[in-house]
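Data block below; observations after.
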Amino acid sequence: MNNPQTWSQRFESALHPAIARFNASIDFDIQLIEYDITGSQAHAQMLAHTKIIAIAEAEQLVTGLEQIRQEYRQGKFNPGIDAEDVHFAVEKRLTEIIGDVGKKLHTARSRNDQVGTDTRLYLRDQIQNIRQQLREFQNVLLDIAQEHVETLIPGYTHLQRAQPLSLAHHLLAYFQMAQRDWERLADVYRRVNISPLGCGALAGTTFPIDRHYTAKLLDFDQVYANSLDGVSDRDFAIEFLGAASLIMVHLSRLAEEIILWSSEEFQFITLKDSCATGSSIMPQKKNPDVPELVRGKTGRVFGHLQALLVVMKGLPLAYNKDLQEDKEAIFDGVNTVKSCLAAMTILLKEGLEFRTQRLAQAVTEDFSNATDVADYLAAKGVPFREAYHLVGKVVRTCMTAGKLLKDLQLEEWQELHPAFSDDIYEAISPRQVVAARNSYGGTGFEQIHHSITTARHQLNS
Ligand code: ARG
């Protein structure tokens with residue numbers, strides 16, 4: 001439609017070809033086509049319902065639109081740059097198929113409320129897809145956690161050995177993050193699911209339309225109360241990208257741990273061949289490309305969030321073409337989150353294995369049971385701070401002697417403090433150190449069994 005007739009008779013000459021390309025969004029908004037068709041079908045039905053057009057006309061519109069849907073699905077509808085955007089492309093094709101009645105479709109509507117409707121319908125579906133993927137991700141985390149309740153892993157603060165953990169506890173932390181993501185998306189959905197259809201270009205319309213009728217047909221929960229706000233609001237897209245960014249934060253933290261764990265330095269996991277890659281020059285290498293890509297792609301989603309915030313900042317009411325920039329941000333945000341969630345789920349499910357022997361050894365080779373010695377004394381009445389200093393001294397002595405706490409003789413313990421007896425060895429064994437942290441939400445095995453039951457319940461409800 002790169003000719004004066006695209007717009008009104010006001011235009012005398014066609015767009016400069018480079019400007020037509022610059023202006024067009026068809027390359028990417030073609031993804032909205034099925035939503036555009038569904039939205040237009042609802043609009044046509046509403047026009048008949050309110051007697052703005054005849055019932056027979058609406059039927060022709062709906063049938064013609066359905067034909068375009070089929071043509072698109074069969075790969076037969078491929079509008080070019082001259083269509084400018086998906087909305088023009090569909091309307092033009094409709095008029096080719098059903099003739100002049102097609103020209104009635106745009107009665108009481110603008111591309112401004114139309115594009116807002118399409119984008120919301122698209123995002124609504126994608127939010128549900130992503131929530132479903134989050135559930136699969138959580139399921140895998142939970143399955144692995146259940147397998148590894150008794151597997152111990154060093155726990156870190158400042159990336160220094162701190163206190164040992166049940167591996168299940170570590171994995172369940174990610175389960176909780178994903179649970180918040182899942183809930184957050186449900187909350188975002190509530191504000192995505194509001195219909196702008198019928199807001200017109202900016203001020204509403206002179207026709208006696210029924211906005212609640214189209215909202216109902218399209219399963220929207222509400223309609224925008226203010227037409228200016230309806231056509232120019234992109235809060236819902238920003239909120240989505242905010243929620244998507246947090247999903248990426250969580251995935252990239254896990255990705256980073258997997259990368260560390262698979263290194264020679266940690267040796268906590270082995271990457272299976274199905275999810276690792278080789279080097280073109282170093283024959284010995286097996287690289288964690290999957291988590292690295294997830295970590296790397298995180299920046300794109302943050303970038304889209306930032307880009308859209310900047311697009312919106314200072315934008316005068318109501319519609320401005322700047323808003324066309326929302327699409328690629330949303331689409332790429334959606335695609336990135338989906339591909340990363342899918343890859344991480346596969347990686348966890350079948351791409352890695354925890355090296356349990358190495359892990360069992362790792363938790364015995366350090367001073368991560370030092371807190372438990374202090375707790376031991378504190379439980380016997382020694383003020384905690386005093387116990388803490390005393391144990392600090394022991395640790396230093398051990399380090400100088402090249403020993404661990406478990407290597408001390410009972411006499412040595414008793415020299416330090418008469419409160420020690422031979423139950424100290426049990427108290428500082430890694431398994432007991434973990435088991436003893438039975439405070440609510442702690443790593444104690446009892447707590448973990450409780451967390452797993454609750455988590456299963458959450459997934460099944
Ligand atoms: N392609 C446009 C977009 O994505 C559709 C709306 C155009 N509206 C307008 N007044 N030019 O925003």
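Convention: chains lettered A, B, ... in structure tokens order; per-chain residue numbering from 1; ligands numbered from 1 as shown.
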Residue neighbourhood range 123-138 of chain A, 9 Å, only C-alpha atoms, exclusion window fewer than 3 positions, as a PyMOL selection string: chain A and resi 118-120+141-143+172+174-176+178-179+181-183+185-186+188-189+192-193+237+240+330-331+334+337-338+341-342+344-346+348-349+455+459
Write out, as a compact mmCIF listing (two decimals), in the first residue's frame, the residues just selected, with N, CA, C and O atoms.
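Once everything was written out, this is again-v4.txt:
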# COMPACT_ATOMS: atom_id res chain seq x y z
N ASP A 118 -4.22 -6.42 20.06
CA ASP A 118 -3.43 -7.55 19.54
C ASP A 118 -2.27 -7.89 20.48
O ASP A 118 -2.02 -9.07 20.78
N THR A 119 -1.57 -6.84 20.91
CA THR A 119 -0.39 -7.08 21.76
C THR A 119 -0.79 -7.74 23.07
O THR A 119 -0.12 -8.65 23.55
N ARG A 120 -1.91 -7.31 23.62
CA ARG A 120 -2.37 -7.92 24.88
C ARG A 120 -2.79 -9.37 24.68
O ARG A 120 -2.49 -10.24 25.51
N LEU A 141 13.42 -29.43 39.20
CA LEU A 141 14.18 -29.07 40.41
C LEU A 141 13.75 -29.92 41.59
O LEU A 141 14.57 -30.42 42.36
N LEU A 142 12.44 -30.09 41.69
CA LEU A 142 11.90 -30.84 42.82
C LEU A 142 12.29 -32.31 42.75
O LEU A 142 12.65 -32.92 43.77
N ASP A 143 12.25 -32.87 41.54
CA ASP A 143 12.65 -34.28 41.38
C ASP A 143 14.11 -34.48 41.79
O ASP A 143 14.44 -35.43 42.49
N LEU A 172 16.15 -26.33 46.19
CA LEU A 172 14.81 -25.82 46.54
C LEU A 172 14.80 -24.29 46.65
O LEU A 172 13.75 -23.66 46.53
N TYR A 174 16.05 -22.42 44.42
CA TYR A 174 15.65 -22.03 43.06
C TYR A 174 14.18 -22.34 42.79
O TYR A 174 13.52 -21.62 42.05
N PHE A 175 13.71 -23.39 43.42
CA PHE A 175 12.28 -23.69 43.30
C PHE A 175 11.46 -22.50 43.81
O PHE A 175 10.49 -22.08 43.19
N GLN A 176 11.88 -21.94 44.93
CA GLN A 176 11.15 -20.82 45.53
C GLN A 176 11.20 -19.58 44.63
O GLN A 176 10.21 -18.86 44.50
N ALA A 178 11.46 -19.57 41.42
CA ALA A 178 10.57 -19.85 40.28
C ALA A 178 9.10 -19.74 40.71
O ALA A 178 8.24 -19.31 39.93
N GLN A 179 8.84 -20.09 41.96
CA GLN A 179 7.47 -19.98 42.47
C GLN A 179 7.04 -18.50 42.49
O GLN A 179 5.94 -18.15 42.07
N ASP A 181 8.25 -16.21 40.57
CA ASP A 181 8.12 -15.81 39.16
C ASP A 181 6.74 -16.21 38.62
O ASP A 181 6.09 -15.45 37.90
N TRP A 182 6.35 -17.40 38.98
CA TRP A 182 5.06 -17.95 38.53
C TRP A 182 3.91 -17.10 39.07
O TRP A 182 2.97 -16.76 38.36
N GLU A 183 4.03 -16.73 40.33
CA GLU A 183 2.98 -15.90 40.94
C GLU A 183 3.00 -14.48 40.37
O GLU A 183 1.96 -13.88 40.11
N LEU A 185 3.89 -13.51 37.45
CA LEU A 185 3.30 -13.47 36.11
C LEU A 185 1.78 -13.49 36.16
O LEU A 185 1.11 -12.89 35.32
N ALA A 186 1.24 -14.17 37.16
CA ALA A 186 -0.22 -14.18 37.30
C ALA A 186 -0.71 -12.77 37.63
O ALA A 186 -1.77 -12.33 37.17
N VAL A 188 0.89 -9.95 36.79
CA VAL A 188 1.06 -9.15 35.57
C VAL A 188 -0.11 -9.40 34.62
O VAL A 188 -0.66 -8.47 34.02
N TYR A 189 -0.50 -10.65 34.54
CA TYR A 189 -1.59 -11.05 33.63
C TYR A 189 -2.85 -10.22 33.89
O TYR A 189 -3.55 -9.84 32.97
N VAL A 192 -2.49 -7.16 32.05
CA VAL A 192 -2.42 -7.35 30.59
C VAL A 192 -3.84 -7.55 30.08
O VAL A 192 -4.19 -7.11 28.98
N ASN A 193 -4.65 -8.17 30.91
CA ASN A 193 -5.96 -8.60 30.42
C ASN A 193 -7.05 -7.54 30.55
O ASN A 193 -8.14 -7.79 31.09
N ALA A 237 3.35 -4.00 29.40
CA ALA A 237 4.51 -4.58 28.71
C ALA A 237 5.76 -4.41 29.57
O ALA A 237 6.62 -5.30 29.65
N PHE A 240 5.61 -6.86 32.31
CA PHE A 240 5.98 -8.19 31.83
C PHE A 240 7.50 -8.30 31.72
O PHE A 240 8.09 -9.28 32.17
N ILE A 330 9.12 -6.75 23.31
CA ILE A 330 8.25 -7.79 23.89
C ILE A 330 8.55 -9.15 23.26
O ILE A 330 8.74 -10.15 23.95
N PHE A 331 8.61 -9.18 21.93
CA PHE A 331 8.81 -10.46 21.24
C PHE A 331 10.13 -11.10 21.64
O PHE A 331 10.20 -12.28 21.95
N VAL A 334 10.04 -12.31 25.24
CA VAL A 334 9.29 -13.56 25.34
C VAL A 334 10.14 -14.73 24.83
O VAL A 334 10.30 -15.76 25.50
N VAL A 337 13.20 -15.58 27.16
CA VAL A 337 12.83 -16.27 28.40
C VAL A 337 12.40 -17.71 28.10
O VAL A 337 12.82 -18.65 28.79
N LYS A 338 11.63 -17.88 27.04
CA LYS A 338 11.16 -19.23 26.73
C LYS A 338 12.30 -20.16 26.35
O LYS A 338 12.37 -21.29 26.82
N LEU A 341 14.43 -20.90 29.55
CA LEU A 341 13.76 -21.82 30.48
C LEU A 341 13.78 -23.25 29.93
O LEU A 341 14.04 -24.20 30.67
N ALA A 342 13.54 -23.37 28.63
CA ALA A 342 13.52 -24.70 28.02
C ALA A 342 14.91 -25.34 28.13
O ALA A 342 15.04 -26.51 28.52
N MET A 344 17.41 -24.66 30.21
CA MET A 344 17.82 -24.96 31.58
C MET A 344 17.07 -26.18 32.11
O MET A 344 17.63 -26.96 32.89
N THR A 345 15.83 -26.33 31.69
CA THR A 345 15.06 -27.49 32.15
C THR A 345 15.67 -28.78 31.60
O THR A 345 15.84 -29.76 32.34
N ILE A 346 16.05 -28.76 30.34
CA ILE A 346 16.68 -29.94 29.74
C ILE A 346 18.02 -30.22 30.41
O ILE A 346 18.36 -31.35 30.76
N LEU A 348 19.03 -29.48 33.40
CA LEU A 348 18.86 -30.06 34.74
C LEU A 348 18.38 -31.51 34.66
O LEU A 348 18.84 -32.38 35.38
N LYS A 349 17.43 -31.71 33.74
CA LYS A 349 16.78 -33.02 33.67
C LYS A 349 17.73 -34.10 33.17
O LYS A 349 17.77 -35.19 33.72
N ALA A 455 6.09 -28.18 48.46
CA ALA A 455 6.35 -27.83 47.07
C ALA A 455 5.53 -28.69 46.12
O ALA A 455 4.94 -28.20 45.16
N LEU A 459 2.70 -27.47 43.37
CA LEU A 459 2.70 -27.81 41.95
C LEU A 459 1.40 -28.49 41.52
O LEU A 459 0.97 -28.34 40.38
Around ligand 1, at most 7 Å away and counting only C-alpha atoms and all ligand atoms, which residues are there? Put them as an MDAnalysis selection string, please. chainID A and resid 25 85 111:112 115 319:321 323:324 327
Those residues with all heavy atoms, as an mmCIF file, in the first residue's frame please?
data_model
loop_
_atom_site.group_PDB
_atom_site.id
_atom_site.type_symbol
_atom_site.label_atom_id
_atom_site.label_comp_id
_atom_site.auth_asym_id
_atom_site.auth_seq_id
_atom_site.Cartn_x
_atom_site.Cartn_y
_atom_site.Cartn_z
ATOM 1 N N SER A 25 6.370 -2.064 10.064
ATOM 2 C CA SER A 25 6.584 -3.012 11.167
ATOM 3 C C SER A 25 6.180 -4.425 10.771
ATOM 4 O O SER A 25 6.261 -5.345 11.579
ATOM 5 C CB SER A 25 5.790 -2.570 12.398
ATOM 6 O OG SER A 25 4.435 -2.344 12.068
ATOM 7 N N ASP A 85 1.993 -2.498 8.013
ATOM 8 C CA ASP A 85 1.921 -3.323 9.219
ATOM 9 C C ASP A 85 0.853 -4.393 9.064
ATOM 10 O O ASP A 85 0.123 -4.439 8.076
ATOM 11 C CB ASP A 85 1.724 -2.470 10.483
ATOM 12 C CG ASP A 85 0.418 -1.674 10.485
ATOM 13 O OD1 ASP A 85 -0.522 -2.048 9.745
ATOM 14 O OD2 ASP A 85 0.343 -0.679 11.227
ATOM 15 N N ARG A 111 -6.172 1.945 14.373
ATOM 16 C CA ARG A 111 -5.073 0.999 14.579
ATOM 17 C C ARG A 111 -4.510 1.130 15.991
ATOM 18 O O ARG A 111 -3.850 0.221 16.482
ATOM 19 C CB ARG A 111 -3.956 1.250 13.550
ATOM 20 C CG ARG A 111 -4.167 0.525 12.241
ATOM 21 C CD ARG A 111 -2.947 0.681 11.360
ATOM 22 N NE ARG A 111 -2.629 2.084 11.117
ATOM 23 C CZ ARG A 111 -1.455 2.537 10.701
ATOM 24 N NH1 ARG A 111 -0.464 1.701 10.476
ATOM 25 N NH2 ARG A 111 -1.255 3.824 10.499
ATOM 26 N N ASN A 112 -4.784 2.279 16.618
ATOM 27 C CA ASN A 112 -4.206 2.488 17.949
ATOM 28 C C ASN A 112 -4.833 1.565 19.007
ATOM 29 O O ASN A 112 -4.123 0.957 19.804
ATOM 30 C CB ASN A 112 -4.349 3.946 18.372
ATOM 31 C CG ASN A 112 -3.622 4.879 17.418
ATOM 32 O OD1 ASN A 112 -2.840 4.420 16.586
ATOM 33 N ND2 ASN A 112 -3.882 6.173 17.529
ATOM 34 N N VAL A 115 -3.914 -2.227 17.767
ATOM 35 C CA VAL A 115 -2.586 -2.786 18.054
ATOM 36 C C VAL A 115 -2.445 -3.097 19.551
ATOM 37 O O VAL A 115 -1.829 -4.094 19.941
ATOM 38 C CB VAL A 115 -1.443 -1.874 17.544
ATOM 39 C CG1 VAL A 115 -1.308 -0.605 18.365
ATOM 40 C CG2 VAL A 115 -0.118 -2.620 17.529
ATOM 41 N N TYR A 319 -1.376 8.244 21.526
ATOM 42 C CA TYR A 319 -0.520 7.382 20.709
ATOM 43 C C TYR A 319 0.567 8.200 20.021
ATOM 44 O O TYR A 319 0.318 9.289 19.505
ATOM 45 C CB TYR A 319 -1.338 6.638 19.636
ATOM 46 C CG TYR A 319 -0.445 5.762 18.778
ATOM 47 C CD1 TYR A 319 -0.128 4.477 19.173
ATOM 48 C CD2 TYR A 319 0.128 6.253 17.602
ATOM 49 C CE1 TYR A 319 0.726 3.678 18.424
ATOM 50 C CE2 TYR A 319 0.987 5.468 16.843
ATOM 51 C CZ TYR A 319 1.284 4.174 17.261
ATOM 52 O OH TYR A 319 2.129 3.406 16.517
ATOM 53 N N ASN A 320 1.770 7.674 20.019
ATOM 54 C CA ASN A 320 2.883 8.198 19.228
ATOM 55 C C ASN A 320 3.562 7.006 18.594
ATOM 56 O O ASN A 320 3.562 5.907 19.164
ATOM 57 C CB ASN A 320 3.904 8.926 20.121
ATOM 58 C CG ASN A 320 3.302 10.130 20.830
ATOM 59 O OD1 ASN A 320 3.326 11.243 20.331
ATOM 60 N ND2 ASN A 320 2.745 9.903 22.011
ATOM 61 N N LYS A 321 4.137 7.221 17.443
ATOM 62 C CA LYS A 321 4.711 6.087 16.723
ATOM 63 C C LYS A 321 5.842 5.417 17.500
ATOM 64 O O LYS A 321 6.179 4.253 17.257
ATOM 65 C CB LYS A 321 5.197 6.526 15.337
ATOM 66 C CG LYS A 321 5.617 5.400 14.429
ATOM 67 C CD LYS A 321 4.437 4.662 13.786
ATOM 68 C CE LYS A 321 4.935 3.724 12.695
ATOM 69 N NZ LYS A 321 3.882 3.446 11.701
ATOM 70 N N LEU A 323 5.629 4.122 20.063
ATOM 71 C CA LEU A 323 5.062 2.919 20.691
ATOM 72 C C LEU A 323 5.250 1.667 19.845
ATOM 73 O O LEU A 323 5.180 0.551 20.360
ATOM 74 C CB LEU A 323 3.577 3.130 21.017
ATOM 75 C CG LEU A 323 3.295 4.180 22.103
ATOM 76 C CD1 LEU A 323 1.797 4.362 22.297
ATOM 77 C CD2 LEU A 323 3.936 3.759 23.426
ATOM 78 N N GLN A 324 5.487 1.852 18.559
ATOM 79 C CA GLN A 324 5.750 0.684 17.710
ATOM 80 C C GLN A 324 7.007 -0.067 18.173
ATOM 81 O O GLN A 324 7.170 -1.247 17.893
ATOM 82 C CB GLN A 324 5.904 1.135 16.247
ATOM 83 C CG GLN A 324 6.162 0.011 15.267
ATOM 84 C CD GLN A 324 5.957 0.459 13.824
ATOM 85 O OE1 GLN A 324 4.832 0.668 13.408
ATOM 86 N NE2 GLN A 324 7.031 0.626 13.087
ATOM 87 N N LYS A 327 7.085 -3.641 20.260
ATOM 88 C CA LYS A 327 6.914 -5.013 19.754
ATOM 89 C C LYS A 327 8.169 -5.852 19.838
ATOM 90 O O LYS A 327 8.156 -6.968 20.357
ATOM 91 C CB LYS A 327 6.469 -5.042 18.292
ATOM 92 C CG LYS A 327 5.320 -4.226 17.923
ATOM 93 C CD LYS A 327 3.976 -4.689 18.266
ATOM 94 C CE LYS A 327 3.041 -3.567 17.888
ATOM 95 N NZ LYS A 327 3.514 -2.217 18.360
#
Got a sec to tell me which of range 4-152 of chain A DSSP assigns to alpha helix (DSSP H), as a PyMOL selection string? chain A and resi 17-23+26-29+33-49+55-73+86-98+111-147
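Shortest separation to Glu57 in chain A among A:Gln31, A:Val101, A:Val294, A:Asp366 occurs at residue A:Val101, atoms counted being only C-alpha atoms.
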Need to verify the contact set: Ser232 in chain A, 10 Å, only C-alpha atoms, exclusion of same-chain residues closer than 4 positions in sequence. Can you return it as a PyMOL selection string? chain A and resi 112-113+116+196+201-202+227-228+312+315-320+323
Would you list the contacts of Arg69 in chain A as a VMD selection string, taking every protein, DNA or RNA residue within 12 Å and counting only C-alpha atoms, but skipping same-chain residues closer than 3 positions in sequence? chain A and resid 30 to 38 40 to 41 62 to 66 72 to 78 90 93 to 94
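Take the candidates A:Val86, A:Leu352, A:Leu61, A:Ala436 and check each one against Ile269 in chain A using only C-alpha atoms; the shortest distance goes to A:Leu352.
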